[in-house]
Structure formats: structure tokens, C-alpha cells
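Since the structure comes first, as C-alpha cells, the remarks are kept for the end.
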Amino acid sequence: MKRSMVLAGFLPAVALALAVWACATSPGPGEAGYPYNLSGDYRGGLMVEGFSFGLTMELRTGLGGSLTGDYRVTDPVGMSGPVTGTLVADSVSFSLDYLNPMDGCGGLLQGEGRVEAGGESFTGRARLNDSCHGFLVATFAMRR
């Protein structure tokens, strides 16, 4: 009877210690080995209501999942600026301000999408709040 009481108290403590150890050894966003980090140079495109834009991004995932970097629209018009966002598991969200030099319209693009394991690509949907055209919907696909 005494032995079973000792085991009853010992087993939950061992289970708790193993759970803490497992969590402590799994890398989180921004740490080496995290499967969804977005770090490096990405090329791809943005499709806004039937219009295609060539897009590059240079991204870095920080500790805790903060996402920072720069974007550059390469075609059919040149625009660039900072990108900020967050990474949670395999989900990415980001935003960027833009000003189109061709027509003077500007605004905010907010994107949400899924990251491929290994961080080689991410795809999703975006919404633009444009000063000339109001709210616009878009899709994006980026690959390292």
C-alpha cells in the first residue's frame, strides 16, 4: 500500500517534468529550427482585382514571431517600403503601406496566409484600403 502511494505521487511529477522538458526543447518562432520561419529573399506576385504585380520581399522572423523586412513592387510600377507582421505556427499576417507613383493613390495592404513547412513559400489573401479605389481584394504567392 505504501509503495503504491509513493508511485502515485512520483508518476505525475515525472509526467510534468517530461512535459516541461518537451516544451523547452521545441524551437519557437524566430529560433533556429522553427519550421515556419520566414527569413530571406522571396519573389512572387500580387494579384489585385485582375491586375498582376511583381513583388519581392526581404523578411526576417524575430523571437516571438515578429516579422520585419522590406518589400519592392517590381512590375508594372516601382514601389517599396517596410513590411511588418507576425508569425504564429504556420500562419502569417503582415501589412505594408504603399504609394503608387503612377496615379498618386496610396493605402494599406493587409495580408494573411499559410507558410509552407521549411519557410520556402507562403500564400494567401490580402485586402487593400486604397485612397482612390476604396477596398480591394487580392491574392499573393511568394517563394524563396
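Labels for the C-alpha cells follow display order: chains A, B, ..., residues from 1 in each chain, ligands from 1.
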Would you mind listing what lies within 12 Å of Gly33 of chain A as an MDAnalysis selection string, with only C-alpha atoms counted and same-chain residues fewer than 5 positions away left out? chainID A and resid 25:28 38:39 117:119
Show me, as a list in words, the residues that have an atom within 10 Å of Leu99 of chain A when counting only C-alpha atoms, minus same-chain residues fewer than 3 positions from it. Gly78, Met79, Ser80, Gly81, Met102, Asp103, Gly104, Cys105, Gly106, Gly107, Leu108, Asp130 and Ser131 of chain A
Got a sec: who's within 6 Å of segment 64-67 of chain A, counting only C-alpha atoms, leaving out chain neighbours fewer than 3 positions off, as a VMD selection string? chain A and resid 29 to 30 60 to 61 84 to 87
Contacts of Phe53 of chain A at 9 Å (only C-alpha atoms; same-chain gap of 2+ positions) as a PyMOL selection string: chain A and resi 44-48+51+55+73-77
Would you output that residue set with C-alpha atoms, as a PDB file, in the first residue's frame?
ATOM      1  CA  GLY A  44       6.403  36.256 -56.338  1.00  0.00           C
ATOM      2  CA  GLY A  45       3.352  38.206 -57.179  1.00  0.00           C
ATOM      3  CA  LEU A  46       0.290  40.007 -56.018  1.00  0.00           C
ATOM      4  CA  MET A  47      -2.977  39.799 -57.961  1.00  0.00           C
ATOM      5  CA  VAL A  48      -5.249  42.763 -57.184  1.00  0.00           C
ATOM      6  CA  PHE A  51      -4.108  43.154 -62.142  1.00  0.00           C
ATOM      7  CA  LEU A  55       6.739  41.557 -55.824  1.00  0.00           C
ATOM      8  CA  VAL A  73       6.954  46.076 -56.316  1.00  0.00           C
ATOM      9  CA  THR A  74       8.949  45.459 -59.489  1.00  0.00           C
ATOM     10  CA  ASP A  75       6.340  45.403 -62.233  1.00  0.00           C
ATOM     11  CA  PRO A  76       4.428  47.245 -63.729  1.00  0.00           C
ATOM     12  CA  VAL A  77       5.382  50.093 -61.399  1.00  0.00           C
TER      13      VAL A  77
END
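If you count only C-alpha atoms and ignore residues fewer than 6 places along the chain from Val92 of chain A, what sits within 9 Å of it is Leu67, Gly85, Thr86, Gly111, Glu112, Gly113, Arg114, Val115, Phe122 and Gly124 of chain A.
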May I have the selected residues written with N, CA and C atoms, as a JSON list (two decimals), in the first residue's frame?
[["chain", "number", "residue", "atom", "x", "y", "z"],
["A", 67, "LEU", "N", 7.62, 39.73, -37.43],
["A", 67, "LEU", "CA", 8.08, 39.68, -38.81],
["A", 67, "LEU", "C", 8.41, 41.09, -39.25],
["A", 85, "GLY", "N", 4.78, 42.34, -39.47],
["A", 85, "GLY", "CA", 3.75, 41.34, -39.29],
["A", 85, "GLY", "C", 4.06, 40.39, -38.15],
["A", 86, "THR", "N", 3.34, 39.28, -38.14],
["A", 86, "THR", "CA", 3.52, 38.26, -37.12],
["A", 86, "THR", "C", 3.42, 36.87, -37.75],
["A", 111, "GLY", "N", -2.21, 41.45, -45.39],
["A", 111, "GLY", "CA", -2.25, 40.09, -45.92],
["A", 111, "GLY", "C", -2.27, 39.06, -44.82],
["A", 112, "GLU", "N", -2.90, 37.92, -45.11],
["A", 112, "GLU", "CA", -2.92, 36.77, -44.21],
["A", 112, "GLU", "C", -2.75, 35.52, -45.05],
["A", 113, "GLY", "N", -1.94, 34.57, -44.56],
["A", 113, "GLY", "CA", -1.75, 33.38, -45.34],
["A", 113, "GLY", "C", -1.12, 32.24, -44.56],
["A", 114, "ARG", "N", -0.77, 31.20, -45.29],
["A", 114, "ARG", "CA", -0.16, 29.99, -44.74],
["A", 114, "ARG", "C", 1.27, 29.88, -45.23],
["A", 115, "VAL", "N", 2.12, 29.40, -44.33],
["A", 115, "VAL", "CA", 3.53, 29.21, -44.62],
["A", 115, "VAL", "C", 3.79, 27.72, -44.83],
["A", 122, "PHE", "N", 5.01, 31.10, -49.02],
["A", 122, "PHE", "CA", 3.79, 31.44, -48.31],
["A", 122, "PHE", "C", 2.80, 32.04, -49.29],
["A", 124, "GLY", "N", -1.58, 33.44, -49.77],
["A", 124, "GLY", "CA", -2.78, 33.84, -49.05],
["A", 124, "GLY", "C", -3.56, 34.94, -49.74]]
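Put simply, atom CA of Val137 of chain A is 7.5 Å away from atom CA of Arg125 of chain A.
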In segment 32-124 of chain A, what's strand (DSSP E) per DSSP? Answer as a VMD selection string? chain A and resid 40 to 48 51 to 61 66 to 75 79 to 88 91 to 99 106 to 115 121 to 124
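Each of A:Glu31, A:Glu49, A:Arg43, A:Ser93 was checked against His133 of chain A using only C-alpha atoms; the smallest atom-to-atom distance is that of A:Glu49.
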Nearest to Leu136 of chain A: which of A:Gly69, A:Pro35, A:Gly40, A:Gly50 is it, counting only C-alpha atoms? A:Gly50
Atom CA of Thr68 of chain A and atom CA of Phe94 of chain A are how many Å apart? 8.8 Å
I need the residues of chain A that end up classed as alpha helix (DSSP H) by DSSP on the backbone, written out as a PyMOL selection string. chain A and resi 2-25
Using only C-alpha atoms, can you tell me which of A:Thr123, A:Leu109, A:Ala32, A:Ser95 comes closest to Met142 of chain A? A:Thr123
Students should find that atom CA of Thr139 of chain A and atom CA of Thr56 of chain A are spaced 14.4 Å
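Using only C-alpha atoms, the nearest neighbour of Tyr71 of chain A within the list A:Ala138, A:Leu96, A:Cys132, A:Val88 is A:Leu96.
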